[in-house]
Amino acid sequence: MTEPDIGIVGEWLHSYEEDTGDAEVYRPARHPFRPSRRPRRGLEFRADGTFVELRPGPADRPRPVTGRWHARESGVRVVFPEGGRTDLTVLSCQDGVLTIAK
C-alpha cells in the first residue's frame with residue numbers, strides 16, 4: 001500500500017513558469033493558471049497507488065499514461081505497465097506547491 005501521508009496525493013499541473021535550474025514546480029489542477037499556448041504536463045498521485053501522467057498528445061490534447069507509484073526514502077518511484085520506471089525526487093510539497101528535482 002502507498003503512503004498518502006507524504007502529501008503528494010492529488011492532481012498537479014506543471015507550472016513551468018516557476019521552474020528553476022534544478023527543479024520543476026507543480027501546482028494543484030484547480031490553481032488559477034494564466035493562459036498558456038504551451039500544454040501543461042500533469043501528474044496525478046492517487047491514494048490507491050495509481051499514477052496518471054498527462055503527456056502532450058496529438059493536437060496538444062493531453063494523453064493519459066497510467067502506472068503505479070509508491071513512496072521511497074529517496075522520493076517516489078513510478079512504474080509503467082508497458083515497461084520502464086521513473087524515479088521522482090520530491091524536494092518539497094507544501095502550501096500548494098509540489099517541487100520535483102529535474
# chains A, B, ... in the order shown; residues from 1 in each chain; ligands from 1

$ select_by_dssp --residues "chain A" --states "helix (DSSP H, G or I)" --output "PyMOL selection string"
chain A and resi 4-6+16-18+58-60

$ residues_around --residues "range 35-43 of chain A" --least-positions-apart "2" --cutoff "8 Å" --atoms "only C-alpha atoms" --output "PyMOL selection string"
chain A and resi 11-16+33+45+51-56+60-62

$ residues_around --residues "range 68-78 of chain A" --least-positions-apart "4" --cutoff "6 Å" --atoms "only C-alpha atoms" --output "list in words"
Thr2, Gly49, Thr50, Phe51, Arg85, Thr86, Asp87, Leu88, Thr89 and Val90 of chain A

$ write_last_selection --atoms "all heavy atoms" --output "JSON list (two decimals), in the first residue's frame"
[["chain", "number", "residue", "atom", "x", "y", "z"],
["A", 2, "THR", "N", 0.43, 2.28, -0.61],
["A", 2, "THR", "CA", 1.19, 3.52, -0.70],
["A", 2, "THR", "C", 1.12, 4.28, 0.61],
["A", 2, "THR", "O", 0.41, 3.91, 1.53],
["A", 2, "THR", "CB", 0.63, 4.40, -1.82],
["A", 2, "THR", "OG1", -0.72, 4.69, -1.51],
["A", 2, "THR", "CG2", 0.76, 3.73, -3.16],
["A", 49, "GLY", "N", -2.46, 4.12, -5.03],
["A", 49, "GLY", "CA", -1.21, 3.77, -5.68],
["A", 49, "GLY", "C", -1.21, 3.94, -7.19],
["A", 49, "GLY", "O", -0.21, 3.72, -7.85],
["A", 50, "THR", "N", -2.34, 4.34, -7.76],
["A", 50, "THR", "CA", -2.41, 4.59, -9.19],
["A", 50, "THR", "C", -1.76, 5.93, -9.51],
["A", 50, "THR", "O", -1.91, 6.89, -8.76],
["A", 50, "THR", "CB", -3.88, 4.62, -9.67],
["A", 50, "THR", "OG1", -4.51, 3.40, -9.30],
["A", 50, "THR", "CG2", -3.98, 4.81, -11.17],
["A", 51, "PHE", "N", -1.04, 5.97, -10.61],
["A", 51, "PHE", "CA", -0.38, 7.19, -11.08],
["A", 51, "PHE", "C", -0.87, 7.46, -12.49],
["A", 51, "PHE", "O", -0.96, 6.54, -13.31],
["A", 51, "PHE", "CB", 1.13, 6.99, -11.08],
["A", 51, "PHE", "CG", 1.90, 8.15, -11.66],
["A", 51, "PHE", "CD1", 2.15, 9.27, -10.89],
["A", 51, "PHE", "CD2", 2.37, 8.11, -12.96],
["A", 51, "PHE", "CE1", 2.87, 10.33, -11.41],
["A", 51, "PHE", "CE2", 3.08, 9.17, -13.49],
["A", 51, "PHE", "CZ", 3.34, 10.28, -12.71],
["A", 85, "ARG", "N", 10.41, 2.64, -15.74],
["A", 85, "ARG", "CA", 10.08, 3.22, -14.46],
["A", 85, "ARG", "C", 10.74, 4.59, -14.39],
["A", 85, "ARG", "O", 11.67, 4.89, -15.11],
["A", 85, "ARG", "CB", 10.51, 2.34, -13.30],
["A", 85, "ARG", "CG", 12.00, 2.22, -13.16],
["A", 85, "ARG", "CD", 12.34, 1.46, -11.87],
["A", 85, "ARG", "NE", 13.76, 1.54, -11.62],
["A", 85, "ARG", "CZ", 14.61, 0.55, -11.78],
["A", 85, "ARG", "NH1", 14.19, -0.62, -12.18],
["A", 85, "ARG", "NH2", 15.89, 0.72, -11.52],
["A", 86, "THR", "N", 10.23, 5.39, -13.51],
["A", 86, "THR", "CA", 10.76, 6.72, -13.31],
["A", 86, "THR", "C", 10.89, 6.95, -11.82],
["A", 86, "THR", "O", 9.97, 6.65, -11.06],
["A", 86, "THR", "CB", 9.79, 7.78, -13.89],
["A", 86, "THR", "OG1", 9.59, 7.50, -15.27],
["A", 86, "THR", "CG2", 10.32, 9.17, -13.73],
["A", 87, "ASP", "N", 12.02, 7.45, -11.41],
["A", 87, "ASP", "CA", 12.19, 7.84, -10.01],
["A", 87, "ASP", "C", 12.08, 9.35, -9.94],
["A", 87, "ASP", "O", 12.80, 10.06, -10.64],
["A", 87, "ASP", "CB", 13.56, 7.39, -9.48],
["A", 87, "ASP", "CG", 13.64, 5.88, -9.32],
["A", 87, "ASP", "OD1", 12.62, 5.29, -8.94],
["A", 87, "ASP", "OD2", 14.71, 5.32, -9.56],
["A", 88, "LEU", "N", 11.14, 9.83, -9.14],
["A", 88, "LEU", "CA", 10.95, 11.26, -8.95],
["A", 88, "LEU", "C", 11.48, 11.63, -7.57],
["A", 88, "LEU", "O", 11.10, 11.00, -6.58],
["A", 88, "LEU", "CB", 9.47, 11.62, -9.04],
["A", 88, "LEU", "CG", 8.74, 11.26, -10.34],
["A", 88, "LEU", "CD1", 7.26, 11.55, -10.20],
["A", 88, "LEU", "CD2", 9.33, 12.00, -11.51],
["A", 89, "THR", "N", 12.30, 12.63, -7.51],
["A", 89, "THR", "CA", 12.78, 13.12, -6.23],
["A", 89, "THR", "C", 11.94, 14.32, -5.84],
["A", 89, "THR", "O", 12.04, 15.38, -6.46],
["A", 89, "THR", "CB", 14.27, 13.51, -6.30],
["A", 89, "THR", "OG1", 15.01, 12.37, -6.71],
["A", 89, "THR", "CG2", 14.77, 13.98, -4.95],
["A", 90, "VAL", "N", 11.08, 14.13, -4.84],
["A", 90, "VAL", "CA", 10.22, 15.21, -4.36],
["A", 90, "VAL", "C", 11.06, 16.06, -3.41],
["A", 90, "VAL", "O", 11.49, 15.59, -2.36],
["A", 90, "VAL", "CB", 8.97, 14.66, -3.66],
["A", 90, "VAL", "CG1", 8.13, 15.79, -3.08],
["A", 90, "VAL", "CG2", 8.14, 13.82, -4.63]]

$ closest_residue --among "A:Gly10, A:Val65, A:Ile100, A:Pro58" --to "Arg30 in chain A" --atoms "only C-alpha atoms"
A:Gly10

$ closest_residue --among "A:Val97, A:His31, A:Gly7, A:Pro64" --to "Asp19 in chain A" --atoms "only C-alpha atoms"
A:Val97

$ decode --residues "range 30-46 of chain A" --atoms "N, CA, C and O atoms" --output "CSV table (one decimal), in the first residue's frame"
chain,number,residue,atom,x,y,z
A,30,ARG,N,-6.5,22.8,-9.7
A,30,ARG,CA,-7.5,23.9,-9.6
A,30,ARG,C,-6.9,25.3,-9.5
A,30,ARG,O,-7.6,26.3,-9.4
A,31,HIS,N,-5.5,25.3,-9.5
A,31,HIS,CA,-4.8,26.6,-9.4
A,31,HIS,C,-5.2,27.5,-10.6
A,31,HIS,O,-5.4,27.0,-11.7
A,32,PRO,N,-5.4,28.8,-10.4
A,32,PRO,CA,-5.7,29.7,-11.5
A,32,PRO,C,-4.5,30.1,-12.3
A,32,PRO,O,-4.0,31.2,-12.2
A,33,PHE,N,-4.1,29.2,-13.2
A,33,PHE,CA,-3.0,29.4,-14.1
A,33,PHE,C,-3.3,30.5,-15.1
A,33,PHE,O,-4.5,30.6,-15.5
A,34,ARG,N,-2.3,31.2,-15.5
A,34,ARG,CA,-2.5,32.2,-16.6
A,34,ARG,C,-2.7,31.4,-17.9
A,34,ARG,O,-2.1,30.3,-18.0
A,35,PRO,N,-3.4,31.9,-18.9
A,35,PRO,CA,-3.5,31.2,-20.2
A,35,PRO,C,-2.1,30.9,-20.8
A,35,PRO,O,-1.2,31.7,-20.6
A,36,SER,N,-2.0,29.8,-21.4
A,36,SER,CA,-0.7,29.4,-22.0
A,36,SER,C,-0.9,28.7,-23.3
A,36,SER,O,-1.8,27.9,-23.5
A,37,ARG,N,0.0,29.0,-24.3
A,37,ARG,CA,-0.1,28.3,-25.6
A,37,ARG,C,0.6,26.9,-25.5
A,37,ARG,O,0.4,26.0,-26.3
A,38,ARG,N,1.4,26.8,-24.5
A,38,ARG,CA,2.2,25.6,-24.2
A,38,ARG,C,1.3,24.6,-23.4
A,38,ARG,O,0.9,25.0,-22.3
A,39,PRO,N,1.1,23.4,-23.8
A,39,PRO,CA,0.3,22.5,-23.0
A,39,PRO,C,1.1,22.2,-21.6
A,39,PRO,O,2.3,22.1,-21.6
A,40,ARG,N,0.3,22.0,-20.6
A,40,ARG,CA,0.8,21.7,-19.3
A,40,ARG,C,0.8,20.2,-19.0
A,40,ARG,O,-0.2,19.5,-19.2
A,41,ARG,N,2.0,19.7,-18.6
A,41,ARG,CA,2.1,18.3,-18.2
A,41,ARG,C,1.4,18.2,-16.9
A,41,ARG,O,1.4,19.1,-16.0
A,42,GLY,N,0.8,17.1,-16.7
A,42,GLY,CA,0.0,16.8,-15.4
A,42,GLY,C,0.5,15.5,-14.8
A,42,GLY,O,0.9,14.6,-15.4
A,43,LEU,N,0.4,15.5,-13.5
A,43,LEU,CA,0.7,14.3,-12.7
A,43,LEU,C,-0.4,14.1,-11.7
A,43,LEU,O,-0.9,15.1,-11.1
A,44,GLU,N,-0.9,12.9,-11.6
A,44,GLU,CA,-1.9,12.6,-10.6
A,44,GLU,C,-1.4,11.4,-9.7
A,44,GLU,O,-1.2,10.3,-10.3
A,45,PHE,N,-1.3,11.6,-8.4
A,45,PHE,CA,-1.0,10.6,-7.5
A,45,PHE,C,-2.3,10.2,-6.7
A,45,PHE,O,-2.8,11.1,-6.0
A,46,ARG,N,-2.8,9.0,-6.9
A,46,ARG,CA,-4.0,8.6,-6.2
A,46,ARG,C,-3.6,7.8,-5.0
A,46,ARG,O,-2.6,7.1,-4.9
